[in-house]
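> If it helps, the file is called run23.tsv and holds TSV, C-alpha atoms:
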```tsv
chain	number	residue	atom	x	y	z
Y	2	MET	CA	105.31	49.67	175.93
Y	3	SER	CA	103.12	52.70	176.56
Y	4	GLU	CA	99.37	52.30	176.77
Y	5	THR	CA	97.54	53.30	173.58
Y	6	LYS	CA	95.26	56.28	174.07
Y	7	SER	CA	92.25	57.39	172.05
Y	8	ILE	CA	92.38	61.13	171.41
Y	9	THR	CA	90.95	63.68	169.00
Y	10	LEU	CA	93.65	65.51	167.08
Y	11	ASN	CA	92.78	68.47	164.87
Y	12	GLY	CA	89.21	67.23	164.60
Y	13	GLU	CA	90.09	63.61	163.77
Y	14	PRO	CA	90.13	60.50	166.04
Y	15	ARG	CA	93.61	59.06	166.59
Y	16	GLU	CA	95.23	56.25	168.54
Y	17	THR	CA	98.63	57.03	170.01
Y	18	PRO	CA	101.10	55.49	172.45
Y	19	ALA	CA	102.55	58.94	173.23
Y	20	ALA	CA	102.95	59.63	176.95
Y	21	THR	CA	103.24	63.42	176.70
Y	22	ILE	CA	102.22	66.12	174.25
Y	23	ALA	CA	105.85	66.49	173.18
Y	24	ASP	CA	105.96	62.74	172.37
Y	25	LEU	CA	102.85	63.16	170.23
Y	26	VAL	CA	104.36	66.12	168.39
Y	27	ARG	CA	107.47	64.09	167.61
Y	28	GLU	CA	105.28	61.16	166.52
Y	29	LEU	CA	103.89	63.55	163.91
Y	30	GLU	CA	107.48	64.26	162.82
Y	31	LEU	CA	107.22	67.83	164.03
Y	32	MET	CA	109.46	69.78	166.41
Y	33	PRO	CA	107.85	70.76	169.77
Y	34	GLN	CA	109.54	74.18	169.70
Y	35	LYS	CA	107.90	75.03	166.37
Y	36	VAL	CA	104.23	74.32	167.10
Y	37	ALA	CA	101.46	75.71	169.29
Y	38	VAL	CA	99.19	73.28	171.14
Y	39	GLU	CA	95.70	73.63	172.58
Y	40	ARG	CA	94.53	70.80	174.86
Y	41	ASN	CA	90.91	70.53	175.93
Y	42	GLY	CA	90.34	74.19	175.12
Y	43	GLU	CA	93.45	75.52	176.88
Y	44	ILE	CA	96.71	76.70	175.33
Y	45	VAL	CA	99.61	74.57	176.60
Y	46	PRO	CA	102.77	76.69	177.09
Y	47	ARG	CA	105.47	75.40	174.80
Y	48	SER	CA	107.88	75.21	177.75
Y	49	THR	CA	105.67	72.54	179.39
Y	50	LEU	CA	105.03	70.21	176.43
Y	51	GLU	CA	107.53	67.64	177.76
Y	52	GLU	CA	105.70	67.41	181.11
Y	53	VAL	CA	102.01	67.54	180.15
Y	54	ALA	CA	100.70	63.97	180.05
Y	55	LEU	CA	98.23	62.75	177.43
Y	56	ALA	CA	95.08	60.93	178.50
Y	57	SER	CA	92.40	59.08	176.59
Y	58	GLY	CA	89.62	61.45	175.65
Y	59	ASP	CA	91.87	64.49	175.25
Y	60	THR	CA	91.05	66.87	172.41
Y	61	LEU	CA	94.05	68.61	170.90
Y	62	GLU	CA	94.69	71.23	168.25
Y	63	ILE	CA	98.25	71.44	167.00
Y	64	VAL	CA	99.12	74.31	164.69
Y	65	HIS	CA	102.19	75.84	163.13
Y	66	PHE	CA	102.82	78.87	160.96
Y	67	VAL	CA	102.40	78.75	157.18
Y	68	GLY	CA	102.35	81.35	154.43
Y	69	GLY	CA	99.01	82.92	153.58
Y	70	GLY	CA	96.67	85.77	154.37
Y	71	ASP	CA	94.14	84.22	156.72
Y	72	HIS	CA	94.63	85.79	160.16
Y	73	GLN	CA	91.61	84.27	161.91
Y	74	GLY	CA	93.81	82.17	164.17
Y	75	ALA	CA	94.86	85.19	166.22
Y	76	THR	CA	91.24	86.06	167.07
Y	77	GLN	CA	90.54	82.50	168.22
Y	78	ASP	CA	93.31	82.43	170.82
Y	79	SER	CA	91.81	82.26	174.29
Y	80	TRP	CA	92.68	81.39	177.86
Y	81	THR	CA	90.70	79.74	180.62
Y	82	VAL	CA	90.66	80.28	184.37
Y	83	ALA	CA	88.50	78.14	186.67
Y	84	GLY	CA	86.51	76.90	183.68
Y	85	ARG	CA	85.78	80.39	182.31
Y	86	THR	CA	87.18	81.29	178.92
Y	87	PHE	CA	88.24	84.75	177.77
Y	88	THR	CA	89.70	86.05	174.52
Y	89	SER	CA	91.31	89.21	175.90
Y	90	ARG	CA	94.45	88.57	177.93
Y	91	LEU	CA	94.44	92.07	179.39
Y	92	ILE	CA	92.77	92.72	182.75
Y	93	VAL	CA	92.39	96.32	183.85
Y	94	GLY	CA	91.71	97.98	187.16
Y	95	THR	CA	89.10	100.58	188.02
Y	96	GLY	CA	91.00	102.99	190.27
Y	97	LYS	CA	92.76	106.34	189.77
Y	98	TYR	CA	90.70	107.45	186.78
Y	99	LYS	CA	89.36	111.01	186.52
Y	100	ASP	CA	85.82	109.67	186.64
Y	101	PHE	CA	83.74	106.59	185.89
Y	102	GLU	CA	83.12	107.77	182.34
Y	103	GLN	CA	86.83	107.87	181.53
Y	104	ASN	CA	87.26	104.48	183.21
Y	105	ALA	CA	84.55	102.94	181.04
Y	106	ALA	CA	86.08	104.43	177.87
Y	107	ALA	CA	89.48	103.01	178.78
Y	108	VAL	CA	88.02	99.55	179.39
Y	109	GLU	CA	86.36	99.64	175.98
Y	110	ALA	CA	89.55	100.79	174.25
Y	111	SER	CA	91.58	98.06	175.98
Y	112	GLY	CA	89.25	95.28	174.85
Y	113	ALA	CA	89.42	93.87	178.39
Y	114	GLU	CA	86.75	91.36	179.41
Y	115	ILE	CA	87.66	91.44	183.11
Y	116	VAL	CA	87.99	94.43	185.44
Y	117	THR	CA	89.15	94.36	189.04
Y	118	VAL	CA	86.90	96.14	191.51
Y	119	ALA	CA	87.68	97.07	195.09
Y	120	VAL	CA	85.05	96.26	197.69
Y	121	ARG	CA	84.22	99.39	199.66
Y	122	ARG	CA	81.46	100.54	201.96
Y	123	VAL	CA	78.51	102.16	200.22
Y	124	ASN	CA	78.06	105.90	200.58
Y	125	VAL	CA	75.15	105.93	203.02
Y	126	SER	CA	75.12	109.74	203.07
Y	127	ASP	CA	74.30	109.84	199.33
Y	128	PRO	CA	72.75	106.58	198.10
Y	129	THR	CA	72.06	108.21	194.70
Y	130	ALA	CA	75.76	108.88	193.99
Y	131	PRO	CA	77.02	107.33	190.71
Y	132	MET	CA	78.45	103.81	190.95
Y	133	LEU	CA	80.81	101.89	188.70
Y	134	THR	CA	78.02	99.55	187.62
Y	135	ASP	CA	76.25	102.55	186.05
Y	136	PHE	CA	79.12	102.83	183.55
Y	137	ILE	CA	80.61	99.32	183.22
Y	138	ASP	CA	77.91	96.68	182.88
Y	139	PRO	CA	78.73	93.58	184.99
Y	140	LYS	CA	76.56	91.56	182.60
Y	141	LYS	CA	78.98	92.35	179.77
Y	142	ILE	CA	82.28	92.70	181.63
Y	143	THR	CA	83.37	90.20	184.30
Y	144	TYR	CA	83.88	91.90	187.65
Y	145	LEU	CA	86.79	90.51	189.65
Y	146	PRO	CA	86.39	91.66	193.27
Y	147	ASN	CA	89.75	92.21	194.90
Y	148	THR	CA	91.03	92.83	198.40
Y	149	ALA	CA	93.13	95.92	197.70
Y	150	GLY	CA	94.07	97.60	200.95
Y	151	CYS	CA	93.80	94.48	203.13
Y	152	PHE	CA	96.78	93.86	205.40
Y	153	THR	CA	95.60	90.64	207.08
Y	154	GLY	CA	94.25	87.41	205.69
Y	155	GLU	CA	91.26	87.72	207.99
Y	156	ASP	CA	90.30	91.11	206.53
Y	157	ALA	CA	90.76	89.83	202.98
Y	158	VAL	CA	88.53	86.77	203.55
Y	159	ARG	CA	85.89	88.91	205.23
Y	160	THR	CA	85.93	91.35	202.32
Y	161	LEU	CA	85.43	88.60	199.76
Y	162	ARG	CA	82.64	86.99	201.74
Y	163	LEU	CA	80.86	90.34	201.54
Y	164	ALA	CA	81.57	90.58	197.82
Y	165	ARG	CA	80.05	87.16	197.22
Y	166	GLU	CA	77.01	88.12	199.24
Y	167	ALA	CA	76.64	91.38	197.31
Y	168	GLY	CA	77.13	90.12	193.78
Y	169	GLY	CA	77.36	86.35	193.85
Y	170	TRP	CA	81.00	86.38	192.78
Y	171	ASP	CA	83.17	83.35	193.47
Y	172	LEU	CA	86.01	84.18	191.03
Y	173	VAL	CA	87.98	86.73	193.07
Y	174	LYS	CA	91.38	88.35	193.30
Y	175	LEU	CA	93.20	87.97	196.61
Y	176	GLU	CA	95.94	90.27	197.77
Y	177	VAL	CA	97.16	90.59	201.33
Y	178	LEU	CA	99.70	93.38	201.72
Y	179	GLY	CA	102.63	93.24	204.11
Y	180	GLU	CA	103.15	96.97	204.67
Y	181	ALA	CA	102.22	100.29	203.10
Y	182	ARG	CA	105.61	101.45	201.80
Y	183	THR	CA	106.26	98.71	199.24
Y	184	LEU	CA	102.78	97.15	199.03
Y	185	TYR	CA	104.53	93.80	198.75
Y	186	PRO	CA	102.36	90.80	199.63
Y	187	ASP	CA	102.56	89.12	203.02
Y	188	MET	CA	102.97	85.57	201.73
Y	189	ARG	CA	102.25	83.84	205.05
Y	190	GLU	CA	98.90	85.61	205.36
Y	191	THR	CA	98.23	85.20	201.63
Y	192	LEU	CA	98.73	81.44	201.79
Y	193	LYS	CA	96.43	81.08	204.81
Y	194	ALA	CA	93.74	83.17	203.15
Y	195	THR	CA	94.02	81.16	199.93
Y	196	GLU	CA	93.44	77.92	201.81
Y	197	THR	CA	90.41	79.38	203.63
Y	198	LEU	CA	88.85	80.78	200.45
Y	199	ALA	CA	89.34	77.54	198.52
Y	200	LYS	CA	87.65	75.55	201.31
Y	201	GLU	CA	84.70	77.95	201.18
Y	202	GLY	CA	84.20	77.48	197.46
Y	203	PHE	CA	85.91	80.62	196.22
Y	204	LEU	CA	88.10	80.60	193.11
Y	205	PRO	CA	90.99	82.85	194.13
Y	206	MET	CA	93.37	84.46	191.65
Y	207	VAL	CA	96.27	85.38	193.92
Y	208	TYR	CA	98.72	88.31	193.91
Y	209	CYS	CA	102.13	87.12	195.09
Y	210	VAL	CA	105.86	87.70	195.08
Y	211	ASP	CA	107.82	86.60	192.00
Y	212	ASP	CA	108.97	83.39	193.69
Y	213	PRO	CA	108.41	80.01	191.98
Y	214	ILE	CA	108.31	78.16	195.31
Y	215	ALA	CA	105.66	80.47	196.76
Y	216	ALA	CA	103.72	80.23	193.50
Y	217	LYS	CA	103.61	76.45	193.66
Y	218	GLN	CA	102.51	76.57	197.32
Y	219	LEU	CA	99.64	78.86	196.37
Y	220	GLU	CA	98.59	76.54	193.56
Y	221	ASP	CA	98.61	73.59	195.96
Y	222	ALA	CA	96.51	75.63	198.40
Y	223	GLY	CA	93.78	76.19	195.81
Y	224	ALA	CA	94.73	79.26	193.78
Y	225	VAL	CA	93.13	79.12	190.32
Y	226	ALA	CA	95.64	81.63	188.94
Y	227	ILE	CA	99.03	82.88	190.07
Y	228	MET	CA	99.65	86.64	189.77
Y	229	PRO	CA	103.28	87.51	190.53
Y	230	LEU	CA	104.27	91.16	190.69
Y	231	GLY	CA	106.54	92.52	187.99
Y	232	ALA	CA	107.55	95.43	190.23
Y	233	PRO	CA	105.94	97.27	193.17
Y	234	ILE	CA	102.30	98.27	192.68
Y	235	GLY	CA	101.94	101.57	190.86
Y	236	SER	CA	105.70	101.94	190.26
Y	237	GLY	CA	105.69	101.60	186.47
Y	238	LEU	CA	109.16	100.06	186.62
Y	239	GLY	CA	108.35	97.12	184.34
Y	240	ILE	CA	109.21	93.47	184.94
Y	241	GLN	CA	112.30	93.49	187.12
Y	242	ASN	CA	113.03	89.77	187.22
Y	243	GLN	CA	112.21	87.96	184.00
Y	244	VAL	CA	114.00	84.83	185.18
Y	245	THR	CA	111.68	84.14	188.12
Y	246	ILE	CA	108.55	85.01	186.12
Y	247	ARG	CA	109.61	82.48	183.47
Y	248	LEU	CA	110.26	79.86	186.15
Y	249	ILE	CA	106.79	80.44	187.61
Y	250	VAL	CA	105.24	80.02	184.16
Y	251	GLU	CA	107.17	76.82	183.51
Y	252	GLY	CA	106.18	75.30	186.85
Y	253	ALA	CA	102.52	76.28	186.98
Y	254	ASN	CA	99.49	74.19	186.07
Y	255	VAL	CA	97.16	77.19	186.37
Y	256	PRO	CA	97.23	80.51	184.49
Y	257	VAL	CA	100.01	82.96	185.35
Y	258	LEU	CA	99.39	86.70	184.96
Y	259	VAL	CA	101.80	89.52	185.71
Y	260	ASP	CA	100.15	91.79	188.27
Y	261	ALA	CA	101.67	95.17	189.17
Y	262	GLY	CA	104.60	97.18	187.90
Y	263	VAL	CA	103.75	97.56	184.22
Y	264	GLY	CA	104.47	101.11	183.05
Y	265	THR	CA	104.18	101.07	179.28
Y	266	ALA	CA	103.35	98.86	176.33
Y	267	SER	CA	106.78	97.26	176.03
Y	268	ASP	CA	106.50	95.99	179.63
Y	269	ALA	CA	103.23	94.24	178.79
Y	270	ALA	CA	104.77	92.68	175.68
Y	271	VAL	CA	107.71	91.35	177.72
Y	272	GLY	CA	105.36	89.65	180.17
Y	273	MET	CA	103.50	87.94	177.35
Y	274	GLU	CA	106.74	86.91	175.61
Y	275	LEU	CA	107.73	85.10	178.83
Y	276	GLY	CA	104.68	82.88	178.36
Y	277	CYS	CA	102.30	84.52	180.82
Y	278	ASP	CA	98.61	83.96	180.18
Y	279	GLY	CA	97.78	87.61	180.73
Y	280	ILE	CA	98.66	90.98	182.24
Y	281	LEU	CA	96.80	92.97	184.89
Y	282	MET	CA	97.33	96.72	185.11
Y	283	ASN	CA	95.70	99.86	186.44
Y	284	THR	CA	98.06	102.80	187.01
Y	285	ALA	CA	99.85	102.42	183.67
Y	286	ILE	CA	96.61	103.27	181.89
Y	287	ALA	CA	94.87	105.49	184.44
Y	288	GLU	CA	97.85	107.81	184.98
Y	289	ALA	CA	98.91	108.08	181.34
Y	290	LYS	CA	98.55	111.55	179.83
Y	291	ASP	CA	96.00	110.01	177.44
Y	292	PRO	CA	94.47	106.99	179.21
Y	293	ILE	CA	92.27	105.97	176.27
Y	294	ARG	CA	95.17	105.92	173.84
Y	295	MET	CA	97.35	104.05	176.33
Y	296	ALA	CA	94.57	101.47	176.78
Y	297	ARG	CA	94.64	100.84	173.03
Y	298	ALA	CA	98.44	100.57	173.13
Y	299	MET	CA	98.27	98.01	175.93
Y	300	LYS	CA	95.74	95.95	173.99
Y	301	LEU	CA	98.08	95.80	171.00
Y	302	ALA	CA	101.14	95.12	173.17
Y	303	VAL	CA	99.53	92.13	174.88
Y	304	GLU	CA	98.45	90.72	171.52
Y	305	ALA	CA	101.91	91.26	170.01
Y	306	GLY	CA	103.67	89.68	172.97
Y	307	ARG	CA	101.40	86.66	172.80
Y	308	GLU	CA	102.01	86.24	169.06
Y	309	ALA	CA	105.77	86.52	169.60
Y	310	TYR	CA	105.64	83.85	172.33
Y	311	LEU	CA	103.68	81.46	170.13
Y	312	ALA	CA	105.99	82.13	167.19
Y	313	GLY	CA	109.07	81.24	169.25
Y	314	ARG	CA	111.85	83.81	169.24
Y	315	MET	CA	115.17	83.23	167.52
Y	316	GLY	CA	118.01	81.93	169.64
Y	317	ARG	CA	120.45	84.39	171.21
Y	318	ARG	CA	123.97	84.34	169.76
Y	319	LYS	CA	127.24	85.67	171.12
Y	320	TYR	CA	128.35	86.94	167.71
Y	321	ALA	CA	126.88	88.31	164.50
Y	322	ASP	CA	125.24	86.01	161.98
Y	323	PRO	CA	124.65	87.61	158.55
Y	324	SER	CA	121.22	87.45	156.98
Y	325	SER	CA	122.82	87.03	153.56
Y	326	PRO	CA	125.74	84.66	152.88
Y	327	LEU	CA	129.14	86.34	152.69
Y	328	ALA	CA	130.52	83.82	150.20
Y	329	GLY	CA	130.44	84.85	146.55
Y	330	LEU	CA	130.62	88.60	147.15
Y	331	ILE	CA	131.83	90.63	144.19
```
Just give me the structure of the file as structure tokens.

Amino acid sequence: MSETKSITLNGEPRETPAATIADLVRELELMPQKVAVERNGEIVPRSTLEEVALASGDTLEIVHFVGGGDHQGATQDSWTVAGRTFTSRLIVGTGKYKDFEQNAAAVEASGAEIVTVAVRRVNVSDPTAPMLTDFIDPKKITYLPNTAGCFTGEDAVRTLRLAREAGGWDLVKLEVLGEARTLYPDMRETLKATETLAKEGFLPMVYCVDDPIAAKQLEDAGAVAIMPLGAPIGSGLGIQNQVTIRLIVEGANVPVLVDAGVGTASDAAVGMELGCDGILMNTAIAEAKDPIRMARAMKLAVEAGREAYLAGRMGRRKYADPSSPLAGLI
């Protein structure tokens, strides 16, 4: 007999013997594949409901889709990384734009609440030169310092130590590249750097290969988010291996965000439909013919993909299945 747990369900206290969230959903005579669940402020991917254990004190919201015109639910969807909650699931970069002004306009159009920023030496020859912070306010938009261009774990850790000293940031993005042609991550160096950063109190969101085993190793080493590539950085090829991305999502206990390879809005939607918590992109917006319009498109694509994931797509069939019955035709 399972231990009875005291939880809060949809705002009401409840006693339940359910061991997992899926057990609780079935206790309510609902089907796990037809509901969306938030536990302690975090959306629980539907694919993990069978594994996520219930504990006394948990607060859950369980919702499903009903007819009506109230669309407030979509605006309340949020995700949390390292205890920080965001409503936009789109993270954008700050490189390759024509100028800082265009970059700031694209961030606004995208609705992004997080931007990645590279850590670079200051221009000592012209200390009055414009800086990103003059256009994108770090008090309004979360800066995520990253280690773009680092090819060793030692360089990446050193870079982030400087970033923390400069701005007080502990939530950071780690990437350690293996070589310049593919810009694929060096996973051995990445894992070592993750362990070092976690021990020093950093909260690393980590760029990695689309490998579920490597992703789990990074999580165990202290990564607060897993960021597998969809395709090589800046390639615009879209998500090349949906199977491994889905496996990473299903096995992770931290947020998973596709990082690199997105080329257009449909690529972003695919990533969200796989159950990812978010999408990070730079080149897809910055190198579009109209970056501001593409930023708006990416915002809508991420939202649409998330809604589709929560709705639960229809099953795939080998043959046609008519929408209207064929019996009784005149």
> Here is a test: counting only C-alpha atoms, which residue of Y:Arg189, Y:Arg162, Y:Lys217, Y:Arg247 is nearest to Gly202 (chain Y)?
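Using only C-alpha atoms, Gly202 (chain Y) sits closest to Y:Arg162.
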> May I have the residues within 9 Å of Thr143 (chain Y) as a list in words, using only C-alpha atoms and disregarding those fewer than 5 positions away in the same chain?
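In the requested format, the answer is Glu114, Ile115, Val116, Thr117 and Asp138 of chain Y.
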> Report as a Markdown table the residues of region 209-253 of chain Y within 10 Å of region 36-53 of chain Y, each with its shortest atom pair and distance in Å (one decimal), using all atoms listed in the file, ordered by chain and increasing residue number.

```
| residue | atom | partner | partner_atom | distance |
| --- | --- | --- | --- | --- |
| Y:Arg247 | CA | Y:Ser48 | CA | 9.4 |
| Y:Leu248 | CA | Y:Ser48 | CA | 9.9 |
| Y:Val250 | CA | Y:Pro46 | CA | 8.2 |
| Y:Glu251 | CA | Y:Ser48 | CA | 6.0 |
| Y:Gly252 | CA | Y:Thr49 | CA | 8.0 |
| Y:Ala253 | CA | Y:Thr49 | CA | 9.0 |
```
> Please identify all polymer residues within 10 Å of Thr183 (chain Y), counting all atoms listed in the file, omitting same-chain residues fewer than 4 positions from it, and present them as a list in words.
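Using all atoms listed in the file, the neighbours found are Leu178, Gly179, Ala232, Pro233, Ile234, Gly235 and Ser236 of chain Y.
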> Could you save those same residues with C-alpha atoms as a PDB file, in the coordinates of the input?

```pdb
ATOM      1  CA  LEU Y 178      99.700  93.380 201.720  1.00  0.00           C
ATOM      2  CA  GLY Y 179     102.630  93.240 204.110  1.00  0.00           C
ATOM      3  CA  ALA Y 232     107.550  95.430 190.230  1.00  0.00           C
ATOM      4  CA  PRO Y 233     105.940  97.270 193.170  1.00  0.00           C
ATOM      5  CA  ILE Y 234     102.300  98.270 192.680  1.00  0.00           C
ATOM      6  CA  GLY Y 235     101.940 101.570 190.860  1.00  0.00           C
ATOM      7  CA  SER Y 236     105.700 101.940 190.260  1.00  0.00           C
TER       8      SER Y 236
END
```
> Please measure the separation of CA of Leu175 (chain Y) and CA of Gly231 (chain Y), giving the value in Å to one decimal.
16.5 Å
> If I put a ball of radius 10 Å at (98.3, 88.5, 199.1) in the file's coordinates, which residues poke into it when counting only C-alpha atoms, written as a count of residues only?
32
> Using CA of Ala106 (chain Y) and CA of Ser89 (chain Y) as the two end points, give the distance in Å to one decimal.
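Taking CA of Ala106 (chain Y) as the start and CA of Ser89 (chain Y) as the end point, the length is 16.2 Å.
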> By how many Å are CA of Leu29 (chain Y) and CA of Tyr310 (chain Y) apart?
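It comes out at 22.0 Å.
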> Would you be able to write out as a list in words which residues have an atom within 9 Å of (91.3, 79.4, 190.5) in the file's coordinates, counting all atoms listed in the file?
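Neighbouring residues, ordered by chain and number, come to Val82, Ala83, Gly84, Leu172, Val173, Ala199, Phe203, Leu204, Pro205, Met206, Val207, Glu220, Gly223, Ala224, Val225, Ala226, Ile227, Val255 and Pro256 of chain Y.
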> Write out as a PyMOL selection string each polymer residue whose atoms come within 10 Å of Arg297 (chain Y), counting only C-alpha atoms; drop sequence neighbours fewer than 2 positions from it.
chain Y and resi 107-112+266+286+292-295+299-302
> May I have the residues within 10 Å of region 132-137 of chain Y as a list in words, using all atoms listed in the file and disregarding those fewer than 3 positions away in the same chain?
Thr95, Asp100, Phe101, Glu102, Gln103, Asn104, Ala105, Ala106, Val108, Glu109, Val116, Val118, Val123, Asn124, Pro128, Thr129, Lys140, Lys141, Ile142, Thr143 and Tyr144 of chain Y
> Give me a file of those residues, with C-alpha atoms, as a short mmCIF file (atom, residue, chain, number, x, y, z; two decimals), in the coordinates of the input.

```cif
data_model
loop_
_atom_site.label_atom_id
_atom_site.label_comp_id
_atom_site.auth_asym_id
_atom_site.auth_seq_id
_atom_site.Cartn_x
_atom_site.Cartn_y
_atom_site.Cartn_z
CA THR Y 95 89.10 100.58 188.02
CA ASP Y 100 85.82 109.67 186.64
CA PHE Y 101 83.74 106.59 185.89
CA GLU Y 102 83.12 107.77 182.34
CA GLN Y 103 86.83 107.87 181.53
CA ASN Y 104 87.26 104.48 183.21
CA ALA Y 105 84.55 102.94 181.04
CA ALA Y 106 86.08 104.43 177.87
CA VAL Y 108 88.02 99.55 179.39
CA GLU Y 109 86.36 99.64 175.98
CA VAL Y 116 87.99 94.43 185.44
CA VAL Y 118 86.90 96.14 191.51
CA VAL Y 123 78.51 102.16 200.22
CA ASN Y 124 78.06 105.90 200.58
CA PRO Y 128 72.75 106.58 198.10
CA THR Y 129 72.06 108.21 194.70
CA LYS Y 140 76.56 91.56 182.60
CA LYS Y 141 78.98 92.35 179.77
CA ILE Y 142 82.28 92.70 181.63
CA THR Y 143 83.37 90.20 184.30
CA TYR Y 144 83.88 91.90 187.65
#
```
